[in-house]
$ cat upload04.tsv   # TSV, C-alpha atoms
chain	number	residue	atom	x	y	z
A	1	MET	CA	-10.83	179.38	128.28
A	2	LEU	CA	-9.93	176.02	126.78
A	3	SER	CA	-6.33	174.86	126.41
A	4	LYS	CA	-5.23	172.89	123.34
A	5	ARG	CA	-5.05	169.77	125.50
A	6	GLU	CA	-8.60	170.27	126.72
A	7	LYS	CA	-9.88	170.75	123.17
A	8	ASP	CA	-8.21	167.48	122.12
A	9	LEU	CA	-9.65	165.72	125.16
A	10	ILE	CA	-13.14	167.05	124.42
A	11	ALA	CA	-12.96	165.97	120.77
A	12	GLU	CA	-11.77	162.51	121.85
A	13	VAL	CA	-14.54	162.01	124.41
A	14	TRP	CA	-17.37	163.15	122.14
A	15	THR	CA	-16.13	161.10	119.16
A	16	LYS	CA	-16.43	158.00	121.36
A	17	LEU	CA	-20.00	158.97	122.26
A	18	ILE	CA	-21.24	159.11	118.66
A	19	PRO	CA	-22.08	155.37	118.48
A	20	VAL	CA	-24.16	155.64	121.69
A	21	ALA	CA	-25.64	159.04	120.88
A	22	GLU	CA	-29.27	158.03	121.32
A	23	ASP	CA	-28.60	156.31	124.66
A	24	ILE	CA	-26.66	159.22	126.15
A	25	GLY	CA	-28.96	161.85	124.70
A	26	SER	CA	-32.19	160.22	125.82
A	27	ASP	CA	-30.69	159.50	129.26
A	28	ALA	CA	-29.71	163.15	129.72
A	29	LEU	CA	-33.17	164.31	128.66
A	30	THR	CA	-34.94	161.81	130.95
A	31	ARG	CA	-32.81	162.95	133.88
A	32	MET	CA	-33.64	166.58	133.12
A	33	PHE	CA	-37.40	165.94	132.92
A	34	ALA	CA	-37.32	164.06	136.25
A	35	THR	CA	-35.13	166.54	138.12
A	36	PHE	CA	-36.41	169.79	136.60
A	37	PRO	CA	-40.07	169.17	135.67
A	38	GLY	CA	-40.50	172.70	134.24
A	39	THR	CA	-38.38	171.65	131.28
A	40	LYS	CA	-41.13	169.27	130.14
A	41	THR	CA	-43.19	172.26	129.03
A	42	TYR	CA	-41.10	172.46	125.85
A	43	PHE	CA	-42.02	168.93	124.85
A	44	SER	CA	-45.81	168.80	124.99
A	45	HIS	CA	-45.80	167.80	121.31
A	46	LEU	CA	-43.64	164.70	121.83
A	47	ASP	CA	-43.83	161.41	123.68
A	48	ILE	CA	-41.08	161.82	126.28
A	49	SER	CA	-41.58	158.60	128.22
A	50	PRO	CA	-38.21	156.92	128.90
A	51	ARG	CA	-36.67	155.48	125.73
A	52	SER	CA	-39.64	156.37	123.52
A	53	ALA	CA	-38.91	156.64	119.80
A	54	HIS	CA	-39.28	160.45	120.00
A	55	LEU	CA	-36.92	160.69	122.94
A	56	LEU	CA	-34.24	158.46	121.39
A	57	SER	CA	-34.34	160.38	118.13
A	58	HIS	CA	-34.29	163.76	119.84
A	59	GLY	CA	-31.52	162.76	122.23
A	60	GLU	CA	-29.47	161.47	119.32
A	61	LYS	CA	-29.86	164.75	117.43
A	62	ILE	CA	-28.61	166.76	120.38
A	63	VAL	CA	-25.59	164.56	121.10
A	64	LEU	CA	-24.58	164.49	117.43
A	65	ALA	CA	-24.73	168.30	117.29
A	66	ILE	CA	-22.55	168.58	120.39
A	67	ALA	CA	-20.12	165.97	119.00
A	68	GLU	CA	-19.90	167.82	115.70
A	69	GLY	CA	-19.11	171.09	117.44
A	70	ALA	CA	-16.42	169.31	119.47
A	71	GLN	CA	-14.44	168.47	116.32
A	72	ASP	CA	-13.56	172.15	115.80
A	73	ILE	CA	-14.40	174.19	118.89
A	74	ASP	CA	-12.84	177.37	117.49
A	75	GLN	CA	-15.46	177.36	114.74
A	76	LEU	CA	-18.52	176.93	116.99
A	77	ALA	CA	-20.14	180.18	115.87
A	78	VAL	CA	-19.91	179.03	112.27
A	79	SER	CA	-21.01	175.41	112.72
A	80	LEU	CA	-23.87	176.35	115.04
A	81	ALA	CA	-25.26	179.19	112.90
A	82	PRO	CA	-28.32	177.25	111.70
A	83	LEU	CA	-29.07	175.98	115.23
A	84	GLN	CA	-28.66	179.50	116.59
A	85	THR	CA	-31.39	180.70	114.24
A	86	LEU	CA	-33.63	177.75	115.09
A	87	HIS	CA	-33.35	178.32	118.85
A	88	ALA	CA	-33.71	182.10	118.66
A	89	TYR	CA	-36.66	182.43	116.31
A	90	GLN	CA	-38.55	179.15	116.50
A	91	LEU	CA	-37.81	177.16	119.64
A	92	ARG	CA	-37.17	180.14	121.91
A	93	ILE	CA	-36.14	177.93	124.80
A	94	ASP	CA	-35.25	180.06	127.83
A	95	PRO	CA	-31.43	179.82	128.02
A	96	THR	CA	-31.52	178.98	131.75
A	97	ASN	CA	-32.63	175.56	130.57
A	98	PHE	CA	-29.34	175.05	128.71
A	99	LYS	CA	-27.61	175.01	132.12
A	100	LEU	CA	-30.07	172.45	133.44
A	101	PHE	CA	-29.58	170.23	130.40
A	102	SER	CA	-25.78	170.58	130.55
A	103	HIS	CA	-25.79	169.48	134.20
A	104	CYS	CA	-27.91	166.43	133.39
A	105	MET	CA	-25.62	165.64	130.45
A	106	LEU	CA	-22.67	165.65	132.87
A	107	VAL	CA	-24.53	163.30	135.24
A	108	ALA	CA	-25.37	161.01	132.30
A	109	LEU	CA	-21.72	161.00	131.21
A	110	ALA	CA	-20.66	160.17	134.77
A	111	ALA	CA	-23.08	157.23	134.92
A	112	HIS	CA	-21.85	156.07	131.50
A	113	MET	CA	-18.09	156.59	131.97
A	114	GLY	CA	-17.69	155.83	135.70
A	115	ASP	CA	-14.09	156.35	136.78
A	116	ASP	CA	-13.12	157.57	133.30
A	117	PHE	CA	-15.16	160.70	134.01
A	118	THR	CA	-12.27	162.18	135.96
A	119	PRO	CA	-12.33	165.71	137.45
A	120	VAL	CA	-10.14	166.92	134.55
A	121	VAL	CA	-12.48	165.46	131.93
A	122	HIS	CA	-15.47	166.83	133.85
A	123	ALA	CA	-13.97	170.34	133.97
A	124	ALA	CA	-13.14	170.36	130.25
A	125	ILE	CA	-16.60	169.16	129.20
A	126	ASP	CA	-18.37	171.53	131.59
A	127	LYS	CA	-16.47	174.42	130.00
A	128	TYR	CA	-17.24	173.18	126.50
A	129	LEU	CA	-20.97	172.81	127.20
A	130	SER	CA	-21.07	176.33	128.70
A	131	ALA	CA	-19.42	177.72	125.57
A	132	PHE	CA	-21.78	175.71	123.36
A	133	ALA	CA	-24.84	177.04	125.23
A	134	ALA	CA	-23.57	180.61	125.06
A	135	VAL	CA	-23.10	180.38	121.28
A	136	LEU	CA	-26.52	178.77	120.88
A	137	ALA	CA	-28.18	181.72	122.65
A	138	GLU	CA	-26.27	184.43	120.75
A	139	LYS	CA	-29.06	185.34	118.32
A	140	TYR	CA	-31.76	185.57	121.02
A	141	ARG	CA	-31.37	189.34	121.33
B	1	MET	CA	-42.12	172.05	155.62
B	2	VAL	CA	-40.77	169.79	152.87
B	3	GLU	CA	-43.00	166.96	151.67
B	4	TRP	CA	-41.14	163.73	151.01
B	5	THR	CA	-42.63	160.77	149.14
B	6	ASP	CA	-41.94	157.25	150.38
B	7	PHE	CA	-39.76	156.71	147.32
B	8	GLU	CA	-37.67	159.79	148.15
B	9	ARG	CA	-37.18	158.78	151.79
B	10	ALA	CA	-36.23	155.24	150.82
B	11	THR	CA	-33.88	156.44	148.08
B	12	ILE	CA	-31.99	158.84	150.34
B	13	ALA	CA	-31.74	156.28	153.16
B	14	ASP	CA	-30.52	153.65	150.69
B	15	ILE	CA	-27.86	155.80	149.03
B	16	PHE	CA	-26.39	156.95	152.34
B	17	SER	CA	-26.51	153.53	153.98
B	18	LYS	CA	-24.21	152.22	151.26
B	19	MET	CA	-22.06	155.37	151.10
B	20	GLU	CA	-18.29	154.99	151.42
B	21	TYR	CA	-17.71	158.32	153.11
B	22	GLU	CA	-13.90	158.23	152.92
B	23	VAL	CA	-14.08	157.69	149.16
B	24	ILE	CA	-17.04	159.80	148.10
B	25	GLY	CA	-16.34	162.78	150.38
B	26	PRO	CA	-12.77	163.36	149.17
B	27	ALA	CA	-13.82	162.70	145.56
B	28	ALA	CA	-16.59	165.30	145.72
B	29	LEU	CA	-14.55	168.03	147.39
B	30	SER	CA	-11.46	167.52	145.22
B	31	ARG	CA	-13.65	167.50	142.10
B	32	CYS	CA	-15.21	170.80	143.18
B	33	LEU	CA	-11.75	172.37	143.66
B	34	VAL	CA	-10.65	171.14	140.20
B	35	VAL	CA	-13.81	171.92	138.21
B	36	TYR	CA	-14.51	175.26	139.94
B	37	PRO	CA	-11.02	176.49	140.84
B	38	TRP	CA	-12.27	179.72	142.42
B	39	THR	CA	-13.57	177.60	145.31
B	40	GLN	CA	-9.92	177.15	146.33
B	41	ARG	CA	-10.16	180.60	147.87
B	42	TYR	CA	-11.49	179.03	151.06
B	43	PHE	CA	-8.61	176.59	151.40
B	44	GLY	CA	-5.55	178.83	151.50
B	45	ASN	CA	-3.97	176.84	154.33
B	46	PHE	CA	-4.46	173.41	152.73
B	47	GLY	CA	-1.03	173.31	151.12
B	48	ASN	CA	-0.45	172.18	147.54
B	49	LEU	CA	-3.48	172.80	145.30
B	50	TYR	CA	-1.47	173.69	142.18
B	51	ASN	CA	-2.96	171.16	139.80
B	52	ALA	CA	-5.57	168.42	139.62
B	53	ALA	CA	-3.16	165.67	140.71
B	54	ALA	CA	-2.03	167.71	143.72
B	55	ILE	CA	-5.61	168.46	144.76
B	56	ILE	CA	-6.78	164.87	144.36
B	57	GLY	CA	-3.77	163.59	146.35
B	58	ASN	CA	-3.95	166.25	149.07
B	59	PRO	CA	-4.59	164.63	152.48
B	60	MET	CA	-6.15	167.76	154.00
B	61	VAL	CA	-8.67	167.90	151.13
B	62	ALA	CA	-9.44	164.23	151.66
B	63	LYS	CA	-9.97	164.63	155.39
B	64	HIS	CA	-12.17	167.67	154.93
B	65	GLY	CA	-14.20	165.98	152.22
B	66	THR	CA	-15.00	163.14	154.60
B	67	THR	CA	-15.98	165.61	157.33
B	68	ILE	CA	-18.34	167.47	155.00
B	69	LEU	CA	-20.02	164.29	153.82
B	70	HIS	CA	-20.60	163.12	157.38
B	71	GLY	CA	-22.20	166.51	157.93
B	72	LEU	CA	-24.97	165.33	155.61
B	73	ASP	CA	-25.81	162.51	158.04
B	74	ARG	CA	-27.76	164.90	160.20
B	75	ALA	CA	-30.08	165.73	157.34
B	76	VAL	CA	-30.45	162.05	156.40
B	77	LYS	CA	-31.45	161.19	159.96
B	78	ASN	CA	-33.90	164.08	160.27
B	79	MET	CA	-35.35	164.76	156.85
B	80	ASP	CA	-38.40	166.47	158.30
B	81	ASN	CA	-36.37	169.14	160.05
B	82	ILE	CA	-33.35	169.89	157.92
B	83	LYS	CA	-33.74	173.65	158.27
B	84	SER	CA	-33.39	173.60	162.07
B	85	GLU	CA	-30.69	170.88	161.96
B	86	TYR	CA	-28.43	173.19	159.99
B	87	ALA	CA	-29.24	176.54	161.62
B	88	GLU	CA	-25.98	176.57	163.60
B	89	LEU	CA	-23.87	175.35	160.66
B	90	SER	CA	-25.45	178.06	158.53
B	91	VAL	CA	-24.40	180.74	161.00
B	92	LEU	CA	-20.90	179.23	161.09
B	93	HIS	CA	-20.53	179.30	157.30
B	94	SER	CA	-21.78	182.88	157.17
B	95	GLU	CA	-20.25	184.60	160.17
B	96	LYS	CA	-17.03	182.68	160.69
B	97	LEU	CA	-16.11	181.00	157.40
B	98	HIS	CA	-17.56	183.70	155.12
B	99	VAL	CA	-18.46	181.20	152.40
B	100	ASP	CA	-20.54	182.50	149.48
B	101	PRO	CA	-23.67	180.30	149.60
B	102	ASP	CA	-23.49	179.79	145.80
B	103	ASN	CA	-20.64	177.42	146.57
B	104	PHE	CA	-22.96	174.99	148.34
B	105	LYS	CA	-24.68	174.34	145.02
B	106	LEU	CA	-21.35	173.78	143.25
B	107	LEU	CA	-20.32	171.16	145.80
B	108	SER	CA	-23.71	169.48	145.69
B	109	ASP	CA	-23.50	169.24	141.86
B	110	CYS	CA	-20.07	167.61	142.18
B	111	LEU	CA	-21.42	165.18	144.80
B	112	THR	CA	-24.28	164.24	142.47
B	113	ILE	CA	-21.80	163.52	139.69
B	114	VAL	CA	-19.50	161.45	141.93
B	115	VAL	CA	-22.46	159.37	143.15
B	116	SER	CA	-23.63	158.96	139.54
B	117	ALA	CA	-20.20	157.72	138.48
B	118	LYS	CA	-20.21	155.26	141.38
B	119	LEU	CA	-23.74	153.88	140.95
B	120	GLY	CA	-23.99	154.02	137.15
B	121	LYS	CA	-27.35	152.95	135.69
B	122	GLU	CA	-28.81	152.42	139.18
B	123	PHE	CA	-28.64	156.22	139.59
B	124	ASN	CA	-31.45	156.76	137.10
B	125	GLY	CA	-33.56	159.89	136.48
B	126	GLU	CA	-35.98	159.25	139.37
B	127	VAL	CA	-33.17	158.50	141.84
B	128	GLN	CA	-31.24	161.56	140.65
B	129	ALA	CA	-34.31	163.76	141.12
B	130	ALA	CA	-34.76	162.52	144.72
B	131	PHE	CA	-31.08	162.98	145.50
B	132	GLN	CA	-31.01	166.49	144.04
B	133	LYS	CA	-34.18	167.46	145.89
B	134	PHE	CA	-32.55	166.35	149.14
B	135	LEU	CA	-29.35	168.29	148.42
B	136	ALA	CA	-31.38	171.35	147.39
B	137	VAL	CA	-33.07	171.38	150.81
B	138	VAL	CA	-29.67	171.05	152.52
B	139	VAL	CA	-28.23	173.87	150.39
B	140	THR	CA	-31.17	176.16	151.15
B	141	SER	CA	-30.90	175.41	154.88
B	142	LEU	CA	-27.19	176.15	154.91
B	143	GLY	CA	-27.84	179.51	153.31
B	144	ARG	CA	-30.83	180.32	155.48
B	145	GLN	CA	-29.11	182.17	158.35
B	146	TYR	CA	-27.07	184.49	156.14
B	147	HIS	CA	-28.02	188.13	156.47

$ encode --input "upload04.tsv" --output "structure tokens"
Amino acid sequence: MLSKREKDLIAEVWTKLIPVAEDIGSDALTRMFATFPGTKTYFSHLDISPRSAHLLSHGEKIVLAIAEGAQDIDQLAVSLAPLQTLHAYQLRIDPTNFKLFSHCMLVALAAHMGDDFTPVVHAAIDKYLSAFAAVLAEKYR
Amino acid sequence: MVEWTDFERATIADIFSKMEYEVIGPAALSRCLVVYPWTQRYFGNFGNLYNAAAIIGNPMVAKHGTTILHGLDRAVKNMDNIKSEYAELSVLHSEKLHVDPDNFKLLSDCLTIVVSAKLGKEFNGEVQAAFQKFLAVVVTSLGRQYH
């Protein structure tokens, strides 16, 4: 459950991340591959060495999608519809991995924001990423 | 028996040698109570936990956070025998404190994030992986004696 204040906070944080989308995104992915090696199995077709062109572009895509959803959280099911279809029928990433990625995204945000990543900000973003992941997996079955 | 690489041993030793226990411990525990409010169930006698500011400023939370973090010292000093180091503490958490072992993971995730915020870029993917592996062993050991 997100309060109005949390939704505003989430939108504010993610808007500020748009200019550094490829840095944050690739950092989160690199952390995930190092900490949870099983996640690499979904990327055998890409060069996922740290800061590779593939990784920067892919990381950027993910962060921009999350930032876009953050602008109107109440409409997530609408704005994510195409991505829902992609993940359900083509990518078919096991949804447990969404949790692993979300955790690594939080760690990346902490490294990036330092003290600004307060417990309140952390809680709001954790809730948002959980909601985002749940919507993304909705068409799986 | 857990296999540790030289990098992992050095990383854990390094992080904990520079650790400010009275800062990181309270930060990790208070963050856990804020981000996962249901964990407050174990702290009924800690006084005011009504909102984030109260939790973060609560002296009992701070003291306990420091205590918990120092509890990790035993694992740092004996990485090859973490399971036996924590056998007694595991029994305590199960039989006396009745703590759901899922909570150990929540606290360890908060600790990872606090350390990341403190160290910034230095806490890169490889360092994070070593740190999380260490905490995962601690978490498993703490849950080991539950039955």

$ interface_residues --input "upload04.tsv" --of "chain A" --to "chain B" --cutoff "10 Å" --atoms "all atoms listed in the file" --output "PyMOL selection string"
chain A and resi 27-37+50+103-104+106-127

$ axis_aligned_box --input "upload04.tsv" --around "stretch 103-117 of chain B" --padding-each-side "8 Å" --output "AutoDock Vina command-line options"
--center_x -22.1 --center_y 167.6 --center_z 143.4 --size_x 21.2 --size_y 35.7 --size_z 25.9

$ residues_around --input "upload04.tsv" --residues "B:Ile68" --least-positions-apart "3" --cutoff "12 Å" --atoms "only C-alpha atoms" --output "list in words"
Tyr21, Glu22, Ile24, Gly25, Pro26, Ala27, Ala28, Leu29, Ser30, Val61, Ala62, Lys63, His64, Gly65, Gly71, Leu72, Asp73, Arg74, Leu89, Phe104, Leu107, Ser108 and Leu111 of chain B

$ atom_distance --input "upload04.tsv" --atom1 "atom CA of B:Thr11" --atom2 "atom CA of B:Phe134"
10.1 Å

$ atom_distance --input "upload04.tsv" --atom1 "atom CA of A:Ala81" --atom2 "atom CA of A:Ser44"
26.0 Å

$ closest_residue --input "upload04.tsv" --among "A:Leu9, A:Met1, A:Ala131, A:Ala21" --to "A:Ala77" --atoms "all atoms listed in the file"
A:Ala131

$ residues_near_point --input "upload04.tsv" --point "(-27.2, 177.8, 158.0)" --cutoff "7 Å" --atoms "all atoms listed in the file" --output "number ranges by chain"
B: 86-91, 93, 141-146

$ atom_distance --input "upload04.tsv" --atom1 "atom CA of A:Glu60" --atom2 "atom CA of A:Gly25"
5.4 Å

$ closest_residue --input "upload04.tsv" --among "B:Arg41, B:Asp80, B:Leu49, B:Ala54" --to "B:Leu97" --atoms "all atoms listed in the file"
B:Arg41

$ closest_residue --input "upload04.tsv" --among "B:Asn103, B:Ala136, B:Leu69, B:Ala13" --to "B:Trp38" --atoms "only C-alpha atoms"
B:Asn103

$ closest_residue --input "upload04.tsv" --among "A:Leu129, A:Ala53, A:Leu17, A:Leu46" --to "A:Ile73" --atoms "only C-alpha atoms"
A:Leu129

$ residues_around --input "upload04.tsv" --residues "stretch 94-99 of chain A" --least-positions-apart "4" --cutoff "8 Å" --atoms "all atoms listed in the file" --output "list in words"
Thr39, His103, Ser130, Ala133 and Ala137 of chain A

$ write_last_selection --input "upload04.tsv" --atoms "C-alpha atoms" --output "short mmCIF file (atom, residue, chain, number, x, y, z; two decimals), keeping the file's coordinate frame"
data_model
loop_
_atom_site.label_atom_id
_atom_site.label_comp_id
_atom_site.auth_asym_id
_atom_site.auth_seq_id
_atom_site.Cartn_x
_atom_site.Cartn_y
_atom_site.Cartn_z
CA THR A 39 -38.38 171.65 131.28
CA HIS A 103 -25.79 169.48 134.20
CA SER A 130 -21.07 176.33 128.70
CA ALA A 133 -24.84 177.04 125.23
CA ALA A 137 -28.18 181.72 122.65
#

$ build_atoms --input "upload04.tsv" --residues "stretch 59-70 of chain A" --atoms "N, CA and C atoms" --output "mmCIF file, keeping the file's coordinate frame"
data_model
loop_
_atom_site.group_PDB
_atom_site.id
_atom_site.type_symbol
_atom_site.label_atom_id
_atom_site.label_comp_id
_atom_site.auth_asym_id
_atom_site.auth_seq_id
_atom_site.Cartn_x
_atom_site.Cartn_y
_atom_site.Cartn_z
ATOM 1 N N GLY A 59 -32.769 162.842 121.482
ATOM 2 C CA GLY A 59 -31.520 162.760 122.230
ATOM 3 C C GLY A 59 -30.340 162.570 121.307
ATOM 4 N N GLU A 60 -30.537 161.735 120.279
ATOM 5 C CA GLU A 60 -29.470 161.470 119.320
ATOM 6 C C GLU A 60 -29.082 162.745 118.579
ATOM 7 N N LYS A 61 -30.102 163.496 118.157
ATOM 8 C CA LYS A 61 -29.860 164.750 117.430
ATOM 9 C C LYS A 61 -28.981 165.696 118.231
ATOM 10 N N ILE A 62 -29.338 165.827 119.521
ATOM 11 C CA ILE A 62 -28.610 166.760 120.380
ATOM 12 C C ILE A 62 -27.158 166.323 120.554
ATOM 13 N N VAL A 63 -26.955 165.042 120.870
ATOM 14 C CA VAL A 63 -25.590 164.560 121.100
ATOM 15 C C VAL A 63 -24.745 164.680 119.828
ATOM 16 N N LEU A 64 -25.350 164.387 118.672
ATOM 17 C CA LEU A 64 -24.580 164.490 117.430
ATOM 18 C C LEU A 64 -24.183 165.940 117.141
ATOM 19 N N ALA A 65 -25.063 166.885 117.494
ATOM 20 C CA ALA A 65 -24.730 168.300 117.290
ATOM 21 C C ALA A 65 -23.575 168.709 118.200
ATOM 22 N N ILE A 66 -23.614 168.245 119.447
ATOM 23 C CA ILE A 66 -22.550 168.580 120.390
ATOM 24 C C ILE A 66 -21.238 167.933 119.948
ATOM 25 N N ALA A 67 -21.319 166.690 119.460
ATOM 26 C CA ALA A 67 -20.120 165.970 119.000
ATOM 27 C C ALA A 67 -19.523 166.661 117.782
ATOM 28 N N GLU A 68 -20.390 167.141 116.891
ATOM 29 C CA GLU A 68 -19.900 167.820 115.700
ATOM 30 C C GLU A 68 -19.170 169.097 116.080
ATOM 31 N N GLY A 69 -19.759 169.856 116.988
ATOM 32 C CA GLY A 69 -19.110 171.090 117.440
ATOM 33 C C GLY A 69 -17.758 170.816 118.082
ATOM 34 N N ALA A 70 -17.654 169.663 118.764
ATOM 35 C CA ALA A 70 -16.420 169.310 119.470
ATOM 36 C C ALA A 70 -15.247 169.062 118.540
#
